[in-house]
$ cat target34.cif   # mmCIF, C-alpha atoms and all ligand atoms
data_query
loop_
_atom_site.group_PDB
_atom_site.id
_atom_site.type_symbol
_atom_site.label_atom_id
_atom_site.label_comp_id
_atom_site.auth_asym_id
_atom_site.auth_seq_id
_atom_site.Cartn_x
_atom_site.Cartn_y
_atom_site.Cartn_z
ATOM 1 C CA PRO Z 7 -82.101 105.457 49.675
ATOM 2 C CA ILE Z 8 -79.566 103.298 47.908
ATOM 3 C CA ARG Z 9 -81.177 100.567 45.857
ATOM 4 C CA ARG Z 10 -80.070 97.030 46.626
ATOM 5 C CA LEU Z 11 -77.700 95.448 44.115
ATOM 6 C CA THR Z 12 -79.375 92.900 41.879
ATOM 7 C CA VAL Z 13 -78.588 89.402 40.695
ATOM 8 C CA PRO Z 14 -78.102 90.564 37.065
ATOM 9 C CA ALA Z 15 -75.702 93.257 38.307
ATOM 10 C CA ILE Z 16 -73.643 90.558 40.011
ATOM 11 C CA ALA Z 17 -73.739 88.311 36.946
ATOM 12 C CA ALA Z 18 -72.468 91.245 34.875
ATOM 13 C CA ARG Z 19 -69.343 91.516 37.044
ATOM 14 C CA LYS Z 20 -67.637 88.652 35.179
ATOM 15 C CA GLY Z 21 -64.069 89.746 34.475
ATOM 16 C CA GLY Z 22 -64.721 93.158 36.053
ATOM 17 C CA ASP Z 23 -64.252 94.628 39.529
ATOM 18 C CA PRO Z 24 -63.825 91.755 42.003
ATOM 19 C CA ILE Z 25 -67.000 90.740 43.827
ATOM 20 C CA VAL Z 26 -66.643 91.153 47.600
ATOM 21 C CA MET Z 27 -68.566 88.613 49.669
ATOM 22 C CA LEU Z 28 -68.574 87.721 53.373
ATOM 23 C CA THR Z 29 -70.762 85.467 55.443
ATOM 24 C CA ALA Z 30 -73.222 87.058 57.870
ATOM 25 C CA TYR Z 31 -75.659 85.343 60.206
ATOM 26 C CA THR Z 32 -76.982 88.228 62.281
ATOM 27 C CA ALA Z 33 -78.601 91.579 61.556
ATOM 28 C CA ARG Z 34 -75.854 93.605 63.232
ATOM 29 C CA MET Z 35 -72.973 91.948 61.404
ATOM 30 C CA ALA Z 36 -74.917 92.256 58.150
ATOM 31 C CA GLN Z 37 -75.349 95.976 58.822
ATOM 32 C CA ILE Z 38 -71.604 96.447 59.265
ATOM 33 C CA PHE Z 39 -70.508 94.298 56.303
ATOM 34 C CA ASP Z 40 -73.196 95.701 54.003
ATOM 35 C CA ARG Z 41 -71.192 98.884 53.449
ATOM 36 C CA HIS Z 42 -68.252 96.925 52.131
ATOM 37 C CA CYS Z 43 -69.722 93.882 50.405
ATOM 38 C CA ASP Z 44 -71.502 93.238 47.132
ATOM 39 C CA MET Z 45 -72.928 89.973 48.450
ATOM 40 C CA LEU Z 46 -73.675 88.607 51.903
ATOM 41 C CA LEU Z 47 -73.809 84.843 52.327
ATOM 42 C CA VAL Z 48 -75.945 83.299 55.022
ATOM 43 C CA GLY Z 49 -73.784 80.188 54.922
ATOM 44 C CA ASP Z 50 -74.633 76.883 56.501
ATOM 45 C CA SER Z 51 -71.218 77.340 58.139
ATOM 46 C CA LEU Z 52 -73.431 78.896 60.834
ATOM 47 C CA GLY Z 53 -73.740 75.299 62.061
ATOM 48 C CA GLN Z 54 -70.165 75.393 63.316
ATOM 49 C CA VAL Z 55 -69.818 79.141 63.855
ATOM 50 C CA ILE Z 56 -73.075 79.839 65.718
ATOM 51 C CA TYR Z 57 -74.391 76.482 66.896
ATOM 52 C CA GLY Z 58 -71.231 74.539 67.765
ATOM 53 C CA LEU Z 59 -72.117 71.669 65.434
ATOM 54 C CA ASP Z 60 -69.223 69.616 64.085
ATOM 55 C CA THR Z 61 -70.296 69.638 60.417
ATOM 56 C CA THR Z 62 -72.866 71.423 58.252
ATOM 57 C CA VAL Z 63 -74.734 68.132 57.821
ATOM 58 C CA HIS Z 64 -76.768 68.890 60.987
ATOM 59 C CA VAL Z 65 -77.944 72.349 59.912
ATOM 60 C CA THR Z 66 -81.731 72.724 59.523
ATOM 61 C CA LEU Z 67 -83.905 74.749 57.165
ATOM 62 C CA GLU Z 68 -85.387 76.546 60.203
ATOM 63 C CA MET Z 69 -81.912 77.791 61.182
ATOM 64 C CA MET Z 70 -81.239 79.032 57.642
ATOM 65 C CA CYS Z 71 -84.583 80.849 57.437
ATOM 66 C CA ALA Z 72 -84.211 82.527 60.842
ATOM 67 C CA HIS Z 73 -80.699 83.812 60.128
ATOM 68 C CA GLY Z 74 -81.504 84.633 56.498
ATOM 69 C CA ALA Z 75 -84.366 86.892 57.590
ATOM 70 C CA ALA Z 76 -82.110 88.621 60.141
ATOM 71 C CA VAL Z 77 -79.433 89.325 57.530
ATOM 72 C CA VAL Z 78 -81.949 90.707 55.032
ATOM 73 C CA ARG Z 79 -83.360 92.984 57.764
ATOM 74 C CA GLY Z 80 -79.878 94.209 58.637
ATOM 75 C CA SER Z 81 -78.775 95.056 55.095
ATOM 76 C CA TYR Z 82 -79.967 97.309 52.314
ATOM 77 C CA HIS Z 83 -77.218 97.207 49.679
ATOM 78 C CA ALA Z 84 -75.775 93.722 49.225
ATOM 79 C CA VAL Z 85 -77.351 90.779 47.420
ATOM 80 C CA VAL Z 86 -78.197 88.288 50.171
ATOM 81 C CA VAL Z 87 -77.690 84.601 49.338
ATOM 82 C CA VAL Z 88 -78.924 81.834 51.655
ATOM 83 C CA ASP Z 89 -77.441 78.322 51.666
ATOM 84 C CA LEU Z 90 -79.853 75.427 51.217
ATOM 85 C CA PRO Z 91 -78.977 72.986 54.007
ATOM 86 C CA PHE Z 92 -78.028 69.340 53.523
ATOM 87 C CA GLY Z 93 -81.036 67.117 52.856
ATOM 88 C CA SER Z 94 -83.364 69.929 51.806
ATOM 89 C CA TYR Z 95 -82.751 69.950 48.017
ATOM 90 C CA GLU Z 96 -80.778 66.968 46.690
ATOM 91 C CA ALA Z 97 -83.621 64.495 46.124
ATOM 92 C CA SER Z 98 -85.222 66.245 43.142
ATOM 93 C CA PRO Z 99 -85.656 69.584 41.378
ATOM 94 C CA GLN Z 100 -89.159 69.702 42.910
ATOM 95 C CA GLN Z 101 -87.818 69.283 46.449
ATOM 96 C CA ALA Z 102 -85.222 71.980 45.763
ATOM 97 C CA PHE Z 103 -87.880 74.353 44.398
ATOM 98 C CA GLU Z 104 -90.135 73.931 47.425
ATOM 99 C CA THR Z 105 -87.234 74.505 49.803
ATOM 100 C CA ALA Z 106 -85.804 77.467 47.907
ATOM 101 C CA ALA Z 107 -89.222 79.115 47.518
ATOM 102 C CA ARG Z 108 -89.777 78.797 51.271
ATOM 103 C CA VAL Z 109 -86.359 80.345 51.938
ATOM 104 C CA MET Z 110 -87.106 83.276 49.642
ATOM 105 C CA LYS Z 111 -90.596 83.852 51.100
ATOM 106 C CA GLU Z 112 -89.462 83.646 54.724
ATOM 107 C CA THR Z 113 -86.218 85.607 54.397
ATOM 108 C CA GLY Z 114 -86.560 88.036 51.496
ATOM 109 C CA ALA Z 115 -83.193 86.868 50.137
ATOM 110 C CA ALA Z 116 -82.641 87.295 46.393
ATOM 111 C CA ALA Z 117 -80.891 83.972 45.767
ATOM 112 C CA VAL Z 118 -79.992 80.583 47.172
ATOM 113 C CA LYS Z 119 -76.775 78.573 47.069
ATOM 114 C CA LEU Z 120 -76.519 74.819 46.766
ATOM 115 C CA GLU Z 121 -73.616 72.389 46.706
ATOM 116 C CA GLY Z 122 -72.864 70.039 43.839
ATOM 117 C CA GLY Z 123 -71.664 70.040 40.243
ATOM 118 C CA ALA Z 124 -73.000 68.170 37.219
ATOM 119 C CA VAL Z 125 -75.335 66.138 39.429
ATOM 120 C CA MET Z 126 -77.197 69.345 40.395
ATOM 121 C CA ALA Z 127 -77.359 70.818 36.869
ATOM 122 C CA GLU Z 128 -80.968 69.796 36.236
ATOM 123 C CA THR Z 129 -82.017 71.318 39.576
ATOM 124 C CA ILE Z 130 -80.165 74.563 38.865
ATOM 125 C CA THR Z 131 -81.995 74.914 35.537
ATOM 126 C CA PHE Z 132 -85.332 74.069 37.169
ATOM 127 C CA LEU Z 133 -84.920 76.776 39.808
ATOM 128 C CA SER Z 134 -83.394 79.457 37.556
ATOM 129 C CA GLN Z 135 -86.208 79.119 35.014
ATOM 130 C CA ARG Z 136 -88.766 79.550 37.802
ATOM 131 C CA GLY Z 137 -87.527 82.783 39.326
ATOM 132 C CA ILE Z 138 -85.003 81.464 41.815
ATOM 133 C CA PRO Z 139 -81.466 82.687 41.128
ATOM 134 C CA VAL Z 140 -78.903 80.047 42.067
ATOM 135 C CA VAL Z 141 -75.292 80.306 43.169
ATOM 136 C CA ALA Z 142 -73.582 76.945 42.649
ATOM 137 C CA HIS Z 143 -70.860 75.666 45.005
ATOM 138 C CA ILE Z 144 -68.241 73.279 43.632
ATOM 139 C CA GLY Z 145 -64.817 71.864 44.501
ATOM 140 C CA LEU Z 146 -64.639 71.194 48.226
ATOM 141 C CA THR Z 147 -68.304 70.850 49.195
ATOM 142 C CA PRO Z 148 -68.513 70.605 53.008
ATOM 143 C CA GLN Z 149 -71.958 68.966 53.068
ATOM 144 C CA ALA Z 150 -70.296 65.966 51.376
ATOM 145 C CA VAL Z 151 -67.627 65.649 54.087
ATOM 146 C CA ASN Z 152 -68.732 62.121 54.936
ATOM 147 C CA ALA Z 153 -68.278 61.047 51.314
ATOM 148 C CA LEU Z 154 -65.096 63.058 50.706
ATOM 149 C CA GLY Z 155 -63.476 61.925 53.952
ATOM 150 C CA GLY Z 156 -62.281 65.370 55.011
ATOM 151 C CA TYR Z 157 -61.700 68.979 54.028
ATOM 152 C CA GLY Z 158 -58.494 68.577 51.979
ATOM 153 C CA ALA Z 159 -57.968 70.603 48.804
ATOM 154 C CA ARG Z 160 -59.546 69.140 45.687
ATOM 155 C CA GLY Z 161 -58.194 68.724 42.174
ATOM 156 C CA ARG Z 162 -54.724 67.383 42.992
ATOM 157 C CA SER Z 163 -55.134 64.329 40.748
ATOM 158 C CA GLU Z 164 -55.705 64.777 37.039
ATOM 159 C CA ALA Z 165 -58.977 62.843 37.199
ATOM 160 C CA GLU Z 166 -60.346 65.007 40.011
ATOM 161 C CA TYR Z 167 -59.125 68.201 38.307
ATOM 162 C CA GLU Z 168 -61.009 67.270 35.125
ATOM 163 C CA LYS Z 169 -64.092 66.193 37.098
ATOM 164 C CA ILE Z 170 -64.329 69.533 38.908
ATOM 165 C CA LEU Z 171 -63.701 71.498 35.702
ATOM 166 C CA GLY Z 172 -66.593 69.515 34.201
ATOM 167 C CA ASP Z 173 -68.751 70.393 37.228
ATOM 168 C CA ALA Z 174 -67.982 74.074 36.686
ATOM 169 C CA ARG Z 175 -68.977 73.892 33.022
ATOM 170 C CA ALA Z 176 -72.156 71.975 33.903
ATOM 171 C CA VAL Z 177 -73.459 74.387 36.563
ATOM 172 C CA ASP Z 178 -72.570 77.351 34.343
ATOM 173 C CA ALA Z 179 -74.473 75.906 31.380
ATOM 174 C CA ALA Z 180 -77.362 75.018 33.723
ATOM 175 C CA GLY Z 181 -77.888 78.694 34.544
ATOM 176 C CA ALA Z 182 -76.137 79.408 37.845
ATOM 177 C CA PHE Z 183 -75.608 83.205 37.961
ATOM 178 C CA ALA Z 184 -72.413 82.768 39.984
ATOM 179 C CA MET Z 185 -70.449 79.935 41.529
ATOM 180 C CA VAL Z 186 -68.450 79.530 44.696
ATOM 181 C CA VAL Z 187 -65.261 77.571 44.037
ATOM 182 C CA GLU Z 188 -63.921 76.232 47.317
ATOM 183 C CA GLY Z 189 -60.694 74.487 48.293
ATOM 184 C CA VAL Z 190 -59.144 73.649 44.921
ATOM 185 C CA VAL Z 191 -55.569 73.787 43.645
ATOM 186 C CA GLU Z 192 -54.846 77.281 42.336
ATOM 187 C CA PRO Z 193 -54.486 76.410 38.627
ATOM 188 C CA LEU Z 194 -57.923 74.795 38.736
ATOM 189 C CA GLY Z 195 -59.533 77.910 40.239
ATOM 190 C CA ARG Z 196 -57.922 79.903 37.451
ATOM 191 C CA ALA Z 197 -58.949 77.436 34.725
ATOM 192 C CA ILE Z 198 -62.567 77.352 35.937
ATOM 193 C CA THR Z 199 -62.746 81.148 35.930
ATOM 194 C CA ALA Z 200 -61.509 81.211 32.336
ATOM 195 C CA ALA Z 201 -63.853 78.405 31.268
ATOM 196 C CA VAL Z 202 -67.214 79.680 32.556
ATOM 197 C CA LYS Z 203 -69.358 82.682 31.636
ATOM 198 C CA CYS Z 204 -70.654 83.351 35.161
ATOM 199 C CA PRO Z 205 -68.523 84.987 37.862
ATOM 200 C CA THR Z 206 -66.519 82.670 40.101
ATOM 201 C CA ILE Z 207 -66.211 83.505 43.791
ATOM 202 C CA GLY Z 208 -63.170 81.858 45.298
ATOM 203 C CA ILE Z 209 -62.478 80.584 48.803
ATOM 204 C CA GLY Z 210 -59.181 78.770 48.817
ATOM 205 C CA ALA Z 211 -59.188 78.901 45.022
ATOM 206 C CA SER Z 212 -57.341 81.610 43.076
ATOM 207 C CA PRO Z 213 -56.803 85.384 42.993
ATOM 208 C CA ALA Z 214 -57.905 85.081 39.356
ATOM 209 C CA CYS Z 215 -61.472 84.363 40.493
ATOM 210 C CA ASP Z 216 -64.077 87.061 39.806
ATOM 211 C CA GLY Z 217 -64.583 87.546 43.546
ATOM 212 C CA GLN Z 218 -63.650 86.198 46.964
ATOM 213 C CA VAL Z 219 -65.603 85.020 49.983
ATOM 214 C CA LEU Z 220 -64.555 84.174 53.544
ATOM 215 C CA VAL Z 221 -66.366 83.107 56.669
ATOM 216 C CA ALA Z 222 -66.439 86.377 58.596
ATOM 217 C CA GLU Z 223 -65.560 84.845 61.961
ATOM 218 C CA ASP Z 224 -62.506 83.218 60.372
ATOM 219 C CA MET Z 225 -61.148 86.440 58.892
ATOM 220 C CA LEU Z 226 -61.916 88.266 62.156
ATOM 221 C CA GLY Z 227 -59.747 85.814 64.076
ATOM 222 C CA LEU Z 228 -62.456 84.323 66.277
ATOM 223 C CA PHE Z 229 -61.251 80.751 65.833
ATOM 224 C CA GLU Z 230 -57.959 79.177 66.754
ATOM 225 C CA ARG Z 231 -57.977 76.621 63.963
ATOM 226 C CA THR Z 232 -58.729 77.806 60.445
ATOM 227 C CA PRO Z 233 -58.015 76.437 56.965
ATOM 228 C CA ARG Z 234 -54.913 77.547 55.078
ATOM 229 C CA PHE Z 235 -57.002 79.767 52.810
ATOM 230 C CA VAL Z 236 -58.074 82.092 55.646
ATOM 231 C CA ARG Z 237 -56.262 85.357 56.164
ATOM 232 C CA ARG Z 238 -56.863 86.892 59.594
ATOM 233 C CA PHE Z 239 -57.651 90.564 59.291
ATOM 234 C CA ASP Z 240 -58.039 90.883 63.072
ATOM 235 C CA ASP Z 241 -57.624 88.892 66.276
ATOM 236 C CA LEU Z 242 -61.083 89.359 67.747
ATOM 237 C CA ALA Z 243 -60.859 86.337 70.034
ATOM 238 C CA ALA Z 244 -58.020 88.001 71.941
ATOM 239 C CA ARG Z 245 -59.786 91.358 72.006
ATOM 240 C CA ILE Z 246 -63.076 89.881 73.213
ATOM 241 C CA ASN Z 247 -61.222 87.876 75.849
ATOM 242 C CA ASP Z 248 -59.575 91.083 77.012
ATOM 243 C CA ALA Z 249 -62.885 92.948 77.237
ATOM 244 C CA ALA Z 250 -64.491 90.082 79.186
ATOM 245 C CA ALA Z 251 -61.546 89.999 81.596
ATOM 246 C CA GLN Z 252 -61.778 93.761 82.181
ATOM 247 C CA TYR Z 253 -65.522 93.551 82.765
ATOM 248 C CA ALA Z 254 -65.099 90.669 85.238
ATOM 249 C CA ALA Z 255 -62.404 92.581 87.154
ATOM 250 C CA ALA Z 256 -64.529 95.756 87.260
ATOM 251 C CA VAL Z 257 -67.550 93.868 88.645
ATOM 252 C CA ARG Z 258 -65.400 92.146 91.263
ATOM 253 C CA ASP Z 259 -63.724 95.333 92.495
ATOM 254 C CA ARG Z 260 -67.031 97.289 92.305
ATOM 255 C CA SER Z 261 -65.587 99.895 89.905
ATOM 256 C CA PHE Z 262 -68.444 99.042 87.544
ATOM 257 C CA PRO Z 263 -71.027 100.506 87.458
ATOM 258 C CA ASP Z 264 -69.975 104.016 88.372
ATOM 259 C CA ALA Z 265 -71.792 107.373 88.189
ATOM 260 C CA ASP Z 266 -71.714 107.409 84.366
ATOM 261 C CA GLN Z 267 -73.846 104.302 84.195
ATOM 262 C CA LEU Z 268 -76.331 105.080 86.989
ATOM 263 C CA TYR Z 269 -79.712 106.785 86.974
ATOM 264 C CA ALA Z 270 -79.946 109.764 89.291
ATOM 265 C CA ILE Z 271 -83.288 110.986 90.643
ATOM 266 C CA LYS Z 272 -84.051 114.212 88.787
ATOM 267 C CA PRO Z 273 -86.855 116.690 89.440
ATOM 268 C CA ALA Z 274 -89.692 116.231 86.982
ATOM 269 C CA VAL Z 275 -89.455 118.595 84.007
ATOM 270 C CA LYS Z 276 -92.703 120.098 82.797
HETATM 271 O O1 LIG A 1 -71.330 78.098 54.443
HETATM 272 C C1 LIG A 1 -70.462 78.902 54.038
HETATM 273 O O2 LIG A 1 -70.007 79.805 54.767
HETATM 274 C C2 LIG A 1 -69.998 78.773 52.662
HETATM 275 C C3 LIG A 1 -68.800 79.568 52.250
HETATM 276 C C4 LIG A 1 -67.586 79.029 52.910
HETATM 277 C C5 LIG A 1 -68.642 79.640 50.786
HETATM 278 O O3 LIG A 1 -70.560 78.012 51.919
HETATM 279 NA NA NA A 2 -72.023 76.610 52.895
#
$ encode --input "target34.cif" --output "structure tokens" --more "lines below"
Ligand code: KIV
Ligand code: NA
Amino acid sequence: PIRRLTVPAIAARKGGDPIVMLTAYTARMAQIFDRHCDMLLVGDSLGQVIYGLDTTVHVTLEMMCAHGAAVVRGSYHAVVVVDLPFGSYEASPQQAFETAARVMKETGAAAVKLEGGAVMAETITFLSQRGIPVVAHIGLTPQAVNALGGYGARGRSEAEYEKILGDARAVDAAGAFAMVVEGVVEPLGRAITAAVKCPTIGIGASPACDGQVLVAEDMLGLFERTPRFVRRFDDLAARINDAAAQYAAAVRDRSFPDADQLYAIKPAVK
């Protein structure tokens, strides 16, 4: 059996072969992506993708644990990272530790991800020194949508550019073993990657990042509206629609089920 990749192996990929990461929320999708990915992210984007919520602010720890466990069960190769949901870690390093430990116990995931830059540095150190590998998430941080006022790219002003570069340095120094850099102007994604010792995983950042991540359902073409940074590698919404239409027609004209799908009475075999 192939041994699962490890957190140190991911950390060692700085400047090397690009790290391939996709989100997964279910065992079956994890099983398929596992062959192609170094890391699987059980993102709190499952709030929108799976649960129809309008932001990730409403996502609960119970949701993250249930889907995290499914993804770990469905995979054997990739490092599985579970997002800590809004409200479950920000208050203190102690709160973050209790939440992250619960996630690791209930899911079997090797690492957690949390949003925030310099303000989360103390928490990142607290967790990393106590056996909980942390992926940081900086730039556009969707859990802060109410404070940011939207999902626009970050780092367009010089002040914001410098602030986010400072965040990157802070979470790197604090001990994050990797960082997701989301929704920043390209030169900033590049500058962060050059400035930090841990691998950067870009989403709407830069091809210079040490890896890339996308929400799987976005790259599969399941949603009509997606951010600029998504490339559609398929148009699954159209294909699923087609399959559903064919099924509906076959039920209505009684061409499904036919002999291939029916159980015949056979003589008992001894
Ligand atoms: O929740 C998520 O899917 C994420 C990725 C977009 C990085 O945090
Ligand atoms: Na997330």
$ residues_near_ligand --input "target34.cif" --ligand "ligand NA 2 (chain A)" --cutoff "6 Å" --atoms "only C-alpha atoms and all ligand atoms" --output "NGL selection string"
:Z and (49-51 or 89)
$ resolve_selection --input "target34.cif" --expression "the PyMOL selection byres (((chain Z and resi 168-172) around 8) and not hetatm)" --output "PyMOL selection string"
chain Z and resi 123-124+144-145+161+164-167+173-176+194+197-198
$ residues_around --input "target34.cif" --residues "segment 13-18 of chain Z" --least-positions-apart "6" --cutoff "9 Å" --atoms "only C-alpha atoms" --output "PyMOL selection string"
chain Z and resi 25+44-45+85+116-117+139+183-184+203-205
$ resolve_selection --input "target34.cif" --expression "the PyMOL selection byres (((not hetatm)) within 10 of (chain A and resi 1))" --output "ChimeraX atom specification"
/Z:27-31,46-55,62,88-91,119-121,142-144,146-149,185-189,207-210,218-224
$ write_last_selection --input "target34.cif" --atoms "C-alpha atoms" --output "PDB file, in the coordinates of the input"
ATOM      1  CA  MET Z  27     -68.566  88.613  49.669  1.00  0.00           C
ATOM      2  CA  LEU Z  28     -68.574  87.721  53.373  1.00  0.00           C
ATOM      3  CA  THR Z  29     -70.762  85.467  55.443  1.00  0.00           C
ATOM      4  CA  ALA Z  30     -73.222  87.058  57.870  1.00  0.00           C
ATOM      5  CA  TYR Z  31     -75.659  85.343  60.206  1.00  0.00           C
ATOM      6  CA  LEU Z  46     -73.675  88.607  51.903  1.00  0.00           C
ATOM      7  CA  LEU Z  47     -73.809  84.843  52.327  1.00  0.00           C
ATOM      8  CA  VAL Z  48     -75.945  83.299  55.022  1.00  0.00           C
ATOM      9  CA  GLY Z  49     -73.784  80.188  54.922  1.00  0.00           C
ATOM     10  CA  ASP Z  50     -74.633  76.883  56.501  1.00  0.00           C
ATOM     11  CA  SER Z  51     -71.218  77.340  58.139  1.00  0.00           C
ATOM     12  CA  LEU Z  52     -73.431  78.896  60.834  1.00  0.00           C
ATOM     13  CA  GLY Z  53     -73.740  75.299  62.061  1.00  0.00           C
ATOM     14  CA  GLN Z  54     -70.165  75.393  63.316  1.00  0.00           C
ATOM     15  CA  VAL Z  55     -69.818  79.141  63.855  1.00  0.00           C
ATOM     16  CA  THR Z  62     -72.866  71.423  58.252  1.00  0.00           C
ATOM     17  CA  VAL Z  88     -78.924  81.834  51.655  1.00  0.00           C
ATOM     18  CA  ASP Z  89     -77.441  78.322  51.666  1.00  0.00           C
ATOM     19  CA  LEU Z  90     -79.853  75.427  51.217  1.00  0.00           C
ATOM     20  CA  PRO Z  91     -78.977  72.986  54.007  1.00  0.00           C
ATOM     21  CA  LYS Z 119     -76.775  78.573  47.069  1.00  0.00           C
ATOM     22  CA  LEU Z 120     -76.519  74.819  46.766  1.00  0.00           C
ATOM     23  CA  GLU Z 121     -73.616  72.389  46.706  1.00  0.00           C
ATOM     24  CA  ALA Z 142     -73.582  76.945  42.649  1.00  0.00           C
ATOM     25  CA  HIS Z 143     -70.860  75.666  45.005  1.00  0.00           C
ATOM     26  CA  ILE Z 144     -68.241  73.279  43.632  1.00  0.00           C
ATOM     27  CA  LEU Z 146     -64.639  71.194  48.226  1.00  0.00           C
ATOM     28  CA  THR Z 147     -68.304  70.850  49.195  1.00  0.00           C
ATOM     29  CA  PRO Z 148     -68.513  70.605  53.008  1.00  0.00           C
ATOM     30  CA  GLN Z 149     -71.958  68.966  53.068  1.00  0.00           C
ATOM     31  CA  MET Z 185     -70.449  79.935  41.529  1.00  0.00           C
ATOM     32  CA  VAL Z 186     -68.450  79.530  44.696  1.00  0.00           C
ATOM     33  CA  VAL Z 187     -65.261  77.571  44.037  1.00  0.00           C
ATOM     34  CA  GLU Z 188     -63.921  76.232  47.317  1.00  0.00           C
ATOM     35  CA  GLY Z 189     -60.694  74.487  48.293  1.00  0.00           C
ATOM     36  CA  ILE Z 207     -66.211  83.505  43.791  1.00  0.00           C
ATOM     37  CA  GLY Z 208     -63.170  81.858  45.298  1.00  0.00           C
ATOM     38  CA  ILE Z 209     -62.478  80.584  48.803  1.00  0.00           C
ATOM     39  CA  GLY Z 210     -59.181  78.770  48.817  1.00  0.00           C
ATOM     40  CA  GLN Z 218     -63.650  86.198  46.964  1.00  0.00           C
ATOM     41  CA  VAL Z 219     -65.603  85.020  49.983  1.00  0.00           C
ATOM     42  CA  LEU Z 220     -64.555  84.174  53.544  1.00  0.00           C
ATOM     43  CA  VAL Z 221     -66.366  83.107  56.669  1.00  0.00           C
ATOM     44  CA  ALA Z 222     -66.439  86.377  58.596  1.00  0.00           C
ATOM     45  CA  GLU Z 223     -65.560  84.845  61.961  1.00  0.00           C
ATOM     46  CA  ASP Z 224     -62.506  83.218  60.372  1.00  0.00           C
TER      47      ASP Z 224
END
$ atom_distance --input "target34.cif" --atom1 "atom CA of Ala244 of chain Z" --atom2 "atom CA of Gly227 of chain Z"
8.3 Å
$ residues_around --input "target34.cif" --residues "Arg79 of chain Z" --least-positions-apart "5" --cutoff "9 Å" --atoms "all atoms listed in the file" --output "PyMOL selection string"
chain Z and resi 33+36-37+74+113-114
$ resolve_selection --input "target34.cif" --expression "the PyMOL selection byres (((chain Z and resi 81) around 9) and not hetatm)" --output "list of chain:residue names"
Z:Arg10, Z:Ala33, Z:Arg34, Z:Ala36, Z:Gln37, Z:Ile38, Z:Phe39, Z:Asp40, Z:Arg41, Z:Leu46, Z:Ala76, Z:Val77, Z:Val78, Z:Arg79, Z:Gly80, Z:Tyr82, Z:His83, Z:Ala84, Z:Val85, Z:Val86
$ build_atoms --input "target34.cif" --residues "segment 242-253 of chain Z" --atoms "N, CA and C atoms" --output "PDB file, in the coordinates of the input"
ATOM      1  N   LEU Z 242     -59.953  89.008  66.872  1.00  0.00           N
ATOM      2  CA  LEU Z 242     -61.083  89.359  67.747  1.00  0.00           C
ATOM      3  C   LEU Z 242     -61.170  88.469  68.972  1.00  0.00           C
ATOM      4  N   ALA Z 243     -60.776  87.218  68.862  1.00  0.00           N
ATOM      5  CA  ALA Z 243     -60.859  86.337  70.034  1.00  0.00           C
ATOM      6  C   ALA Z 243     -60.059  86.925  71.183  1.00  0.00           C
ATOM      7  N   ALA Z 244     -58.856  87.409  70.898  1.00  0.00           N
ATOM      8  CA  ALA Z 244     -58.020  88.001  71.941  1.00  0.00           C
ATOM      9  C   ALA Z 244     -58.651  89.284  72.467  1.00  0.00           C
ATOM     10  N   ARG Z 245     -59.214  90.079  71.578  1.00  0.00           N
ATOM     11  CA  ARG Z 245     -59.786  91.358  72.006  1.00  0.00           C
ATOM     12  C   ARG Z 245     -61.059  91.157  72.831  1.00  0.00           C
ATOM     13  N   ILE Z 246     -61.861  90.176  72.447  1.00  0.00           N
ATOM     14  CA  ILE Z 246     -63.076  89.881  73.213  1.00  0.00           C
ATOM     15  C   ILE Z 246     -62.702  89.309  74.578  1.00  0.00           C
ATOM     16  N   ASN Z 247     -61.711  88.444  74.586  1.00  0.00           N
ATOM     17  CA  ASN Z 247     -61.222  87.876  75.849  1.00  0.00           C
ATOM     18  C   ASN Z 247     -60.771  88.980  76.806  1.00  0.00           C
ATOM     19  N   ASP Z 248     -60.060  89.946  76.240  1.00  0.00           N
ATOM     20  CA  ASP Z 248     -59.575  91.083  77.012  1.00  0.00           C
ATOM     21  C   ASP Z 248     -60.726  91.900  77.605  1.00  0.00           C
ATOM     22  N   ALA Z 249     -61.721  92.169  76.775  1.00  0.00           N
ATOM     23  CA  ALA Z 249     -62.885  92.948  77.237  1.00  0.00           C
ATOM     24  C   ALA Z 249     -63.622  92.193  78.339  1.00  0.00           C
ATOM     25  N   ALA Z 250     -63.792  90.881  78.174  1.00  0.00           N
ATOM     26  CA  ALA Z 250     -64.491  90.082  79.186  1.00  0.00           C
ATOM     27  C   ALA Z 250     -63.714  90.081  80.493  1.00  0.00           C
ATOM     28  N   ALA Z 251     -62.382  90.005  80.392  1.00  0.00           N
ATOM     29  CA  ALA Z 251     -61.546  89.999  81.596  1.00  0.00           C
ATOM     30  C   ALA Z 251     -61.658  91.340  82.326  1.00  0.00           C
ATOM     31  N   GLN Z 252     -61.660  92.431  81.569  1.00  0.00           N
ATOM     32  CA  GLN Z 252     -61.778  93.761  82.181  1.00  0.00           C
ATOM     33  C   GLN Z 252     -63.137  93.946  82.846  1.00  0.00           C
ATOM     34  N   TYR Z 253     -64.177  93.470  82.195  1.00  0.00           N
ATOM     35  CA  TYR Z 253     -65.522  93.551  82.765  1.00  0.00           C
ATOM     36  C   TYR Z 253     -65.582  92.757  84.079  1.00  0.00           C
TER      37      TYR Z 253
END
